[in-house]
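Visitor: So that you have it, the file is query.cif, and it contains mmCIF, C-alpha atoms and all ligand atoms:
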```cif
data_final
loop_
_atom_site.label_atom_id
_atom_site.label_comp_id
_atom_site.auth_asym_id
_atom_site.auth_seq_id
_atom_site.Cartn_x
_atom_site.Cartn_y
_atom_site.Cartn_z
CA MET A 1 -0.40 13.05 14.33
CA ALA A 2 0.78 10.56 11.78
CA LYS A 3 -0.89 10.08 8.44
CA VAL A 4 -2.19 6.53 8.29
CA LEU A 5 -1.97 4.88 4.88
CA VAL A 6 -3.61 1.49 4.47
CA VAL A 7 -2.63 -0.55 1.42
CA ALA A 8 -5.47 -2.95 0.84
CA THR A 9 -7.38 -5.15 -1.53
CA SER A 10 -8.76 -8.60 -0.99
CA LYS A 11 -7.17 -9.66 -4.29
CA GLY A 12 -3.96 -11.50 -3.48
CA GLY A 13 -0.66 -10.70 -5.14
CA THR A 14 -1.49 -7.26 -6.56
CA GLY A 15 1.51 -5.59 -4.94
CA LYS A 16 0.33 -4.40 -1.52
CA THR A 17 3.49 -5.43 0.30
CA THR A 18 5.78 -4.24 -2.49
CA ILE A 19 4.13 -0.82 -2.60
CA ALA A 20 4.02 -0.50 1.21
CA VAL A 21 7.78 -1.16 1.45
CA SER A 22 8.58 1.09 -1.51
CA LEU A 23 6.59 4.02 -0.13
CA ALA A 24 8.22 3.50 3.28
CA GLY A 25 11.61 3.75 1.55
CA HIS A 26 10.56 6.90 -0.28
CA TRP A 27 9.27 8.75 2.78
CA ARG A 28 12.21 7.62 4.90
CA GLU A 29 14.57 8.98 2.25
CA ALA A 30 12.62 12.23 2.38
CA GLY A 31 13.44 12.46 6.10
CA LYS A 32 10.05 11.39 7.45
CA ARG A 33 9.53 9.13 10.44
CA VAL A 34 7.89 6.00 9.06
CA ALA A 35 6.29 3.12 10.92
CA LEU A 36 5.25 -0.04 9.13
CA TYR A 37 2.53 -2.29 10.43
CA ASP A 38 2.16 -5.81 9.05
CA THR A 39 -1.37 -7.10 9.67
CA ASP A 40 -1.03 -10.00 7.24
CA PRO A 41 -0.66 -13.36 9.04
CA ASN A 42 1.66 -14.44 6.21
CA MET A 43 4.08 -11.72 7.40
CA ALA A 44 5.73 -11.07 4.04
CA LEU A 45 6.38 -7.43 4.98
CA THR A 46 8.03 -8.43 8.26
CA ARG A 47 10.32 -10.91 6.49
CA TRP A 48 11.20 -8.33 3.81
CA CYS A 49 12.11 -5.67 6.36
CA GLY A 50 14.00 -8.11 8.58
CA LYS A 51 16.55 -8.81 5.83
CA GLY A 52 17.66 -5.27 5.06
CA GLU A 53 19.67 -2.68 6.94
CA ALA A 54 17.81 0.50 6.11
CA LEU A 55 14.38 -1.02 6.56
CA SER A 56 15.21 -2.68 9.85
CA GLU A 57 15.86 0.80 11.25
CA LEU A 58 12.19 1.66 10.75
CA THR A 59 9.60 0.90 13.37
CA ILE A 60 7.97 -2.33 12.28
CA ARG A 61 5.16 -4.07 14.06
CA SER A 62 3.41 -7.30 13.29
CA ASP A 63 0.57 -8.50 15.35
CA PRO A 64 -1.31 -11.76 15.05
CA ASP A 65 -4.22 -10.43 17.17
CA GLU A 66 -6.51 -8.62 14.76
CA HIS A 67 -8.47 -7.02 17.58
CA SER A 68 -5.41 -5.03 18.65
CA VAL A 69 -5.11 -3.22 15.31
CA VAL A 70 -6.80 -0.04 16.48
CA GLY A 71 -4.61 0.27 19.59
CA THR A 72 -1.41 -0.50 17.70
CA VAL A 73 -2.12 2.11 15.03
CA GLY A 74 -2.68 4.67 17.79
CA GLU A 75 0.66 3.76 19.41
CA LEU A 76 2.61 3.84 16.16
CA GLY A 77 0.97 7.07 15.10
CA SER A 78 2.15 8.94 18.16
CA GLU A 79 5.79 8.65 17.06
CA ALA A 80 5.67 8.72 13.27
CA ASP A 81 4.85 10.99 10.37
CA TYR A 82 3.53 8.10 8.32
CA VAL A 83 2.08 4.79 9.46
CA ILE A 84 1.87 2.40 6.52
CA ILE A 85 -0.31 -0.64 7.07
CA ASP A 86 0.03 -3.73 4.91
CA THR A 87 -2.99 -6.01 4.85
CA ALA A 88 -3.71 -9.61 3.92
CA GLY A 89 -4.76 -10.60 0.42
CA PHE A 90 -7.98 -12.20 1.58
CA GLY A 91 -9.97 -9.50 3.35
CA ASN A 92 -9.96 -10.26 7.08
CA GLN A 93 -11.12 -8.44 10.19
CA ALA A 94 -7.71 -6.79 10.63
CA MET A 95 -8.12 -5.16 7.22
CA VAL A 96 -11.51 -3.77 8.19
CA TYR A 97 -10.12 -2.31 11.44
CA ALA A 98 -7.17 -0.84 9.53
CA VAL A 99 -9.48 0.79 6.99
CA GLY A 100 -11.45 2.25 9.91
CA MET A 101 -8.23 3.91 11.13
CA ALA A 102 -7.06 5.06 7.67
CA ASP A 103 -6.49 8.64 6.58
CA LEU A 104 -6.13 7.24 3.08
CA VAL A 105 -6.54 3.80 1.52
CA LEU A 106 -4.44 2.80 -1.48
CA ILE A 107 -5.81 -0.05 -3.58
CA PRO A 108 -3.31 -1.66 -5.95
CA VAL A 109 -4.96 -2.90 -9.14
CA MET A 110 -3.49 -5.04 -11.89
CA THR A 111 -4.80 -4.97 -15.42
CA ASP A 112 -7.23 -7.86 -15.11
CA GLU A 113 -10.91 -8.34 -14.35
CA ALA A 114 -10.40 -10.02 -10.97
CA SER A 115 -8.33 -7.08 -9.70
CA LEU A 116 -11.03 -4.67 -10.78
CA PHE A 117 -13.74 -6.78 -9.18
CA GLU A 118 -11.89 -6.81 -5.85
CA ALA A 119 -11.28 -3.05 -6.07
CA ILE A 120 -15.05 -2.54 -6.29
CA LYS A 121 -15.44 -4.69 -3.16
CA MET A 122 -12.78 -2.60 -1.39
CA LYS A 123 -14.68 0.56 -2.24
CA LYS A 124 -17.77 -0.90 -0.54
CA ILE A 125 -15.74 -1.83 2.55
CA ILE A 126 -14.38 1.74 2.70
CA GLU A 127 -17.89 3.17 2.34
CA SER A 128 -19.09 0.97 5.22
CA ALA A 129 -16.13 2.08 7.35
CA ARG A 130 -17.02 5.70 6.59
CA GLY A 131 -20.54 5.02 7.83
CA LEU A 132 -19.27 3.38 11.01
CA THR A 133 -16.64 5.97 11.85
CA ARG A 134 -18.53 9.00 10.47
CA ARG A 135 -15.40 10.50 9.04
CA PRO A 136 -13.94 10.83 5.56
CA ILE A 137 -11.78 7.93 4.40
CA PRO A 138 -10.45 8.86 0.96
CA PHE A 139 -9.11 6.17 -1.32
CA ARG A 140 -7.13 5.93 -4.53
CA THR A 141 -6.37 3.05 -6.85
CA VAL A 142 -2.96 2.58 -8.43
CA LEU A 143 -2.22 0.45 -11.46
CA ASN A 144 0.61 -1.94 -10.69
CA ARG A 145 2.64 -4.41 -12.76
CA ILE A 146 1.57 -2.78 -15.99
CA LYS A 147 2.91 -3.99 -19.31
CA ARG A 148 0.87 -3.41 -22.45
CA ALA A 149 -0.53 0.03 -23.20
CA ALA A 150 -3.89 -1.07 -24.67
CA VAL A 151 -4.96 -3.09 -21.67
CA VAL A 152 -3.72 -0.35 -19.34
CA ARG A 153 -5.91 2.22 -21.08
CA HIS A 154 -8.89 -0.13 -20.90
CA THR A 155 -8.40 -0.77 -17.17
CA GLU A 156 -7.91 2.93 -16.51
CA ARG A 157 -11.18 3.78 -18.26
CA GLN A 158 -12.96 1.16 -16.18
CA LEU A 159 -11.46 2.59 -12.98
CA GLU A 160 -12.68 6.05 -13.95
CA ASN A 161 -16.16 4.86 -14.94
CA LEU A 162 -16.50 2.99 -11.65
CA ASP A 163 -15.39 6.04 -9.61
CA LEU A 164 -12.37 4.17 -8.29
CA ASN A 165 -10.13 7.27 -8.26
CA PRO A 166 -7.10 6.05 -10.21
CA LEU A 167 -3.82 7.86 -9.65
CA GLN A 168 -2.13 9.26 -12.73
CA ALA A 169 1.07 7.65 -11.51
CA ARG A 170 1.38 3.99 -12.46
CA ILE A 171 3.86 1.28 -11.60
CA HIS A 172 5.32 -0.89 -14.35
CA ASP A 173 6.26 -4.51 -14.04
CA ARG A 174 9.94 -4.23 -13.11
CA SER A 175 12.22 -6.93 -11.79
CA VAL A 176 13.89 -4.47 -9.40
CA PHE A 177 10.83 -4.75 -7.14
CA GLN A 178 11.41 -8.51 -6.89
CA GLU A 179 15.15 -8.06 -6.38
CA ALA A 180 14.40 -5.64 -3.56
CA SER A 181 12.35 -8.29 -1.78
CA TYR A 182 15.27 -10.73 -1.81
CA HIS A 183 17.71 -8.13 -0.51
CA GLY A 184 15.34 -6.71 2.08
CA ALA A 185 15.82 -3.40 0.31
CA THR A 186 13.68 -0.65 -1.13
CA PRO A 187 13.81 0.31 -4.82
CA ASN A 188 15.57 3.58 -3.98
CA GLU A 189 18.36 1.73 -2.16
CA LEU A 190 18.94 -0.33 -5.31
CA GLY A 191 18.85 2.69 -7.60
CA ALA A 192 18.14 6.22 -6.43
CA ARG A 193 17.43 7.39 -9.97
CA SER A 194 15.92 4.21 -11.35
CA ARG A 195 12.56 4.24 -13.10
CA ALA A 196 11.05 2.19 -10.27
CA THR A 197 12.19 4.80 -7.73
CA LEU A 198 10.77 7.62 -9.86
CA GLU A 199 7.44 5.82 -10.21
CA ILE A 200 7.16 5.34 -6.46
CA ARG A 201 8.03 9.01 -5.96
CA SER A 202 5.21 9.99 -8.33
CA VAL A 203 2.78 7.77 -6.41
CA ALA A 204 3.87 9.33 -3.09
CA ARG A 205 3.56 12.88 -4.44
CA GLU A 206 0.05 12.24 -5.64
CA LEU A 207 -0.95 10.62 -2.35
CA GLU A 208 0.41 13.34 -0.06
CA PRO A 209 -2.36 15.91 -0.71
CA ALA A 210 -5.03 13.17 -0.72
CA PHE A 211 -4.79 12.35 3.00
CA ALA A 212 -7.88 13.27 5.00
CA ASP A 213 -7.24 16.02 7.56
CA ASP A 214 -9.26 15.24 10.66
N1 LIG A 301 5.62 -3.54 -10.02
C1 LIG A 301 6.03 -4.81 -9.92
N2 LIG A 301 6.91 -5.31 -10.81
C2 LIG A 301 7.34 -6.60 -10.73
N3 LIG A 301 6.92 -7.45 -9.79
C3 LIG A 301 6.05 -7.02 -8.87
C4 LIG A 301 5.56 -5.68 -8.87
N4 LIG A 301 4.70 -5.54 -7.84
C5 LIG A 301 4.65 -6.72 -7.22
N5 LIG A 301 5.45 -7.63 -7.83
C6 LIG A 301 5.64 -9.05 -7.51
O1 LIG A 301 4.34 -9.64 -7.49
C7 LIG A 301 4.24 -10.57 -6.45
C8 LIG A 301 3.12 -10.12 -5.49
O2 LIG A 301 3.50 -8.88 -4.92
P1 LIG A 301 3.20 -8.56 -3.39
O3 LIG A 301 3.65 -9.67 -2.52
O4 LIG A 301 3.72 -7.21 -3.12
O5 LIG A 301 1.62 -8.55 -3.47
P2 LIG A 301 0.58 -8.58 -2.25
O6 LIG A 301 -0.63 -7.89 -2.75
O7 LIG A 301 1.22 -8.06 -1.03
O8 LIG A 301 0.33 -10.14 -2.11
P3 LIG A 301 -0.51 -10.88 -0.93
O9 LIG A 301 -1.93 -10.63 -1.27
O10 LIG A 301 -0.09 -12.30 -1.08
O11 LIG A 301 -0.10 -10.25 0.35
C9 LIG A 301 5.60 -10.62 -5.80
O12 LIG A 301 6.31 -11.66 -6.40
C10 LIG A 301 6.22 -9.28 -6.15
O13 LIG A 301 7.63 -9.34 -6.22
MG MG A 302 1.37 -8.95 0.84
#
```
How does this structure look as structure tokens?
Guide:
Amino acid sequence: MAKVLVVATSKGGTGKTTIAVSLAGHWREAGKRVALYDTDPNMALTRWCGKGEALSELTIRSDPDEHSVVGTVGELGSEADYVIIDTAGFGNQAMVYAVGMADLVLIPVMTDEASLFEAIKMKKIIESARGLTRRPIPFRTVLNRIKRAAVVRHTERQLENLDLNPLQARIHDRSVFQEASYHGATPNELGARSRATLEIRSVARELEPAFADD
């Protein structure tokens, strides 16, 4: 069965779609079968993947009916090693269903108070989903768009103190992520040895052992 990764936080613009696409590119490059599922009605992921060659070869689903999330994840999971689910930046029902199906939730966090606040909310949603489904749903936070070291250290300490499970890997603010979105590409297509590619690889490597084994 596929490993289901849900990238989620109700804070908009923290990098969910960017990280979902980048991880898809990483695992595809590593020879894995990857399915992407866009549950955001804004469909940024679907537009991104529709522009590129490599990404359009992946299985991509978007579905405006939030109540079909559970069935769609089951379908995608039967023919993939990884199902990566992108969610909306405003916490909707589809996100809650997706979290209920997750083997791991990744919460992107930027170095500001609002991001942290929404990460705490996400943790509560995941805890509720654990109660409903009676199974483990591990989660990790990842710092994205980082710039200055002092504020990064402060945010990281907060994440640790709040038991928000920060990854050691972090993603810097790099224009290649934005370029990739225009080209419909992944960072590793634009530069296999670029720092962005290496950062995404570090994120993936830290996530791989964190998936819950049912
Ligand atoms: N590491 C990064 N470096 C530079 N720009 C980034 C990075 N991550 C994301 N961005 C940019 O930040 C903006 C928001 O990113 P993205 O769309 O991935 O966030 P999101 O969480 O999916 O947003 P939404 O909540 O609207 O779905 C985009 O312009 C994207 O190009
Ligand atoms: Mg998005």
Visitor: Restricting the calculation to all atoms listed in the file: of A:Thr72, A:Thr9, A:Ser62, A:Ser128, which residue gets closest to ligand LIG 301 (chain A)?
Guide: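 Checking each of A:Thr72, A:Thr9, A:Ser62, A:Ser128 against ligand LIG 301 (chain A), counting all atoms listed in the file, the winner is A:Thr9.
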Visitor: Please list as a compact mmCIF listing (two decimals) with C-alpha atoms, keeping the file's coordinate frame every residue within 10 Å of A:Ala210, counting all atoms listed in the file and excluding residues in the same chain fewer than 4 positions away.
Guide:
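result08.txt was written with the following content:
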```
# COMPACT_ATOMS: atom_id res chain seq x y z
CA ASP A 103 -6.49 8.64 6.58
CA LEU A 104 -6.13 7.24 3.08
CA VAL A 105 -6.54 3.80 1.52
CA ILE A 137 -11.78 7.93 4.40
CA PRO A 138 -10.45 8.86 0.96
CA PHE A 139 -9.11 6.17 -1.32
CA ARG A 140 -7.13 5.93 -4.53
CA ALA A 204 3.87 9.33 -3.09
CA ARG A 205 3.56 12.88 -4.44
CA GLU A 206 0.05 12.24 -5.64
```
Visitor: Calculated over all atoms listed in the file, which of the candidates A:Thr14, A:Thr155, A:Thr197, A:Ser56 has the smallest distance to ligand MG 302 (chain A)?
Guide: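 Smallest separation from ligand MG 302 (chain A) among the options: A:Thr14.
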Visitor: Taking only C-alpha atoms and all ligand atoms into account, list the residues no farther than 6 Å from ligand MG 302 (chain A), as a list of chain:residue names.
Guide: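 Those within range of ligand MG 302 (chain A) are A:Lys16, A:Thr17, A:Ala44, A:Ala88.
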Visitor: So the first atom is atom CA of A:Pro41 and the second is atom CA of A:Gln178; what is the distance between them in Å, to one decimal place?
Guide: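 A separation of 20.6 Å between them.
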Visitor: Show me which residues line ligand LIG 301 (chain A), defined as having an atom within 9 Å of a ligand atom where all atoms listed in the file count, and present them as a PDB file with C-alpha atoms, in the coordinates of the input.
Guide:
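This is the output file part-v5.pdb:
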```pdb
ATOM      1  CA  VAL A   7      -2.630  -0.550   1.420  1.00  0.00           C
ATOM      2  CA  ALA A   8      -5.470  -2.950   0.840  1.00  0.00           C
ATOM      3  CA  THR A   9      -7.380  -5.150  -1.530  1.00  0.00           C
ATOM      4  CA  SER A  10      -8.760  -8.600  -0.990  1.00  0.00           C
ATOM      5  CA  LYS A  11      -7.170  -9.660  -4.290  1.00  0.00           C
ATOM      6  CA  GLY A  12      -3.960 -11.500  -3.480  1.00  0.00           C
ATOM      7  CA  GLY A  13      -0.660 -10.700  -5.140  1.00  0.00           C
ATOM      8  CA  THR A  14      -1.490  -7.260  -6.560  1.00  0.00           C
ATOM      9  CA  GLY A  15       1.510  -5.590  -4.940  1.00  0.00           C
ATOM     10  CA  LYS A  16       0.330  -4.400  -1.520  1.00  0.00           C
ATOM     11  CA  THR A  17       3.490  -5.430   0.300  1.00  0.00           C
ATOM     12  CA  THR A  18       5.780  -4.240  -2.490  1.00  0.00           C
ATOM     13  CA  ILE A  19       4.130  -0.820  -2.600  1.00  0.00           C
ATOM     14  CA  ALA A  20       4.020  -0.500   1.210  1.00  0.00           C
ATOM     15  CA  VAL A  21       7.780  -1.160   1.450  1.00  0.00           C
ATOM     16  CA  ASP A  40      -1.030 -10.000   7.240  1.00  0.00           C
ATOM     17  CA  ASN A  42       1.660 -14.440   6.210  1.00  0.00           C
ATOM     18  CA  MET A  43       4.080 -11.720   7.400  1.00  0.00           C
ATOM     19  CA  ALA A  44       5.730 -11.070   4.040  1.00  0.00           C
ATOM     20  CA  LEU A  45       6.380  -7.430   4.980  1.00  0.00           C
ATOM     21  CA  ASP A  86       0.030  -3.730   4.910  1.00  0.00           C
ATOM     22  CA  THR A  87      -2.990  -6.010   4.850  1.00  0.00           C
ATOM     23  CA  ALA A  88      -3.710  -9.610   3.920  1.00  0.00           C
ATOM     24  CA  GLY A  89      -4.760 -10.600   0.420  1.00  0.00           C
ATOM     25  CA  PHE A  90      -7.980 -12.200   1.580  1.00  0.00           C
ATOM     26  CA  PRO A 108      -3.310  -1.660  -5.950  1.00  0.00           C
ATOM     27  CA  LEU A 143      -2.220   0.450 -11.460  1.00  0.00           C
ATOM     28  CA  ASN A 144       0.610  -1.940 -10.690  1.00  0.00           C
ATOM     29  CA  ARG A 145       2.640  -4.410 -12.760  1.00  0.00           C
ATOM     30  CA  ILE A 146       1.570  -2.780 -15.990  1.00  0.00           C
ATOM     31  CA  ARG A 170       1.380   3.990 -12.460  1.00  0.00           C
ATOM     32  CA  ILE A 171       3.860   1.280 -11.600  1.00  0.00           C
ATOM     33  CA  HIS A 172       5.320  -0.890 -14.350  1.00  0.00           C
ATOM     34  CA  ASP A 173       6.260  -4.510 -14.040  1.00  0.00           C
ATOM     35  CA  ARG A 174       9.940  -4.230 -13.110  1.00  0.00           C
ATOM     36  CA  SER A 175      12.220  -6.930 -11.790  1.00  0.00           C
ATOM     37  CA  VAL A 176      13.890  -4.470  -9.400  1.00  0.00           C
ATOM     38  CA  PHE A 177      10.830  -4.750  -7.140  1.00  0.00           C
ATOM     39  CA  GLN A 178      11.410  -8.510  -6.890  1.00  0.00           C
ATOM     40  CA  GLU A 179      15.150  -8.060  -6.380  1.00  0.00           C
ATOM     41  CA  ALA A 180      14.400  -5.640  -3.560  1.00  0.00           C
ATOM     42  CA  SER A 181      12.350  -8.290  -1.780  1.00  0.00           C
ATOM     43  CA  TYR A 182      15.270 -10.730  -1.810  1.00  0.00           C
ATOM     44  CA  ALA A 196      11.050   2.190 -10.270  1.00  0.00           C
TER      45      ALA A 196
END
```
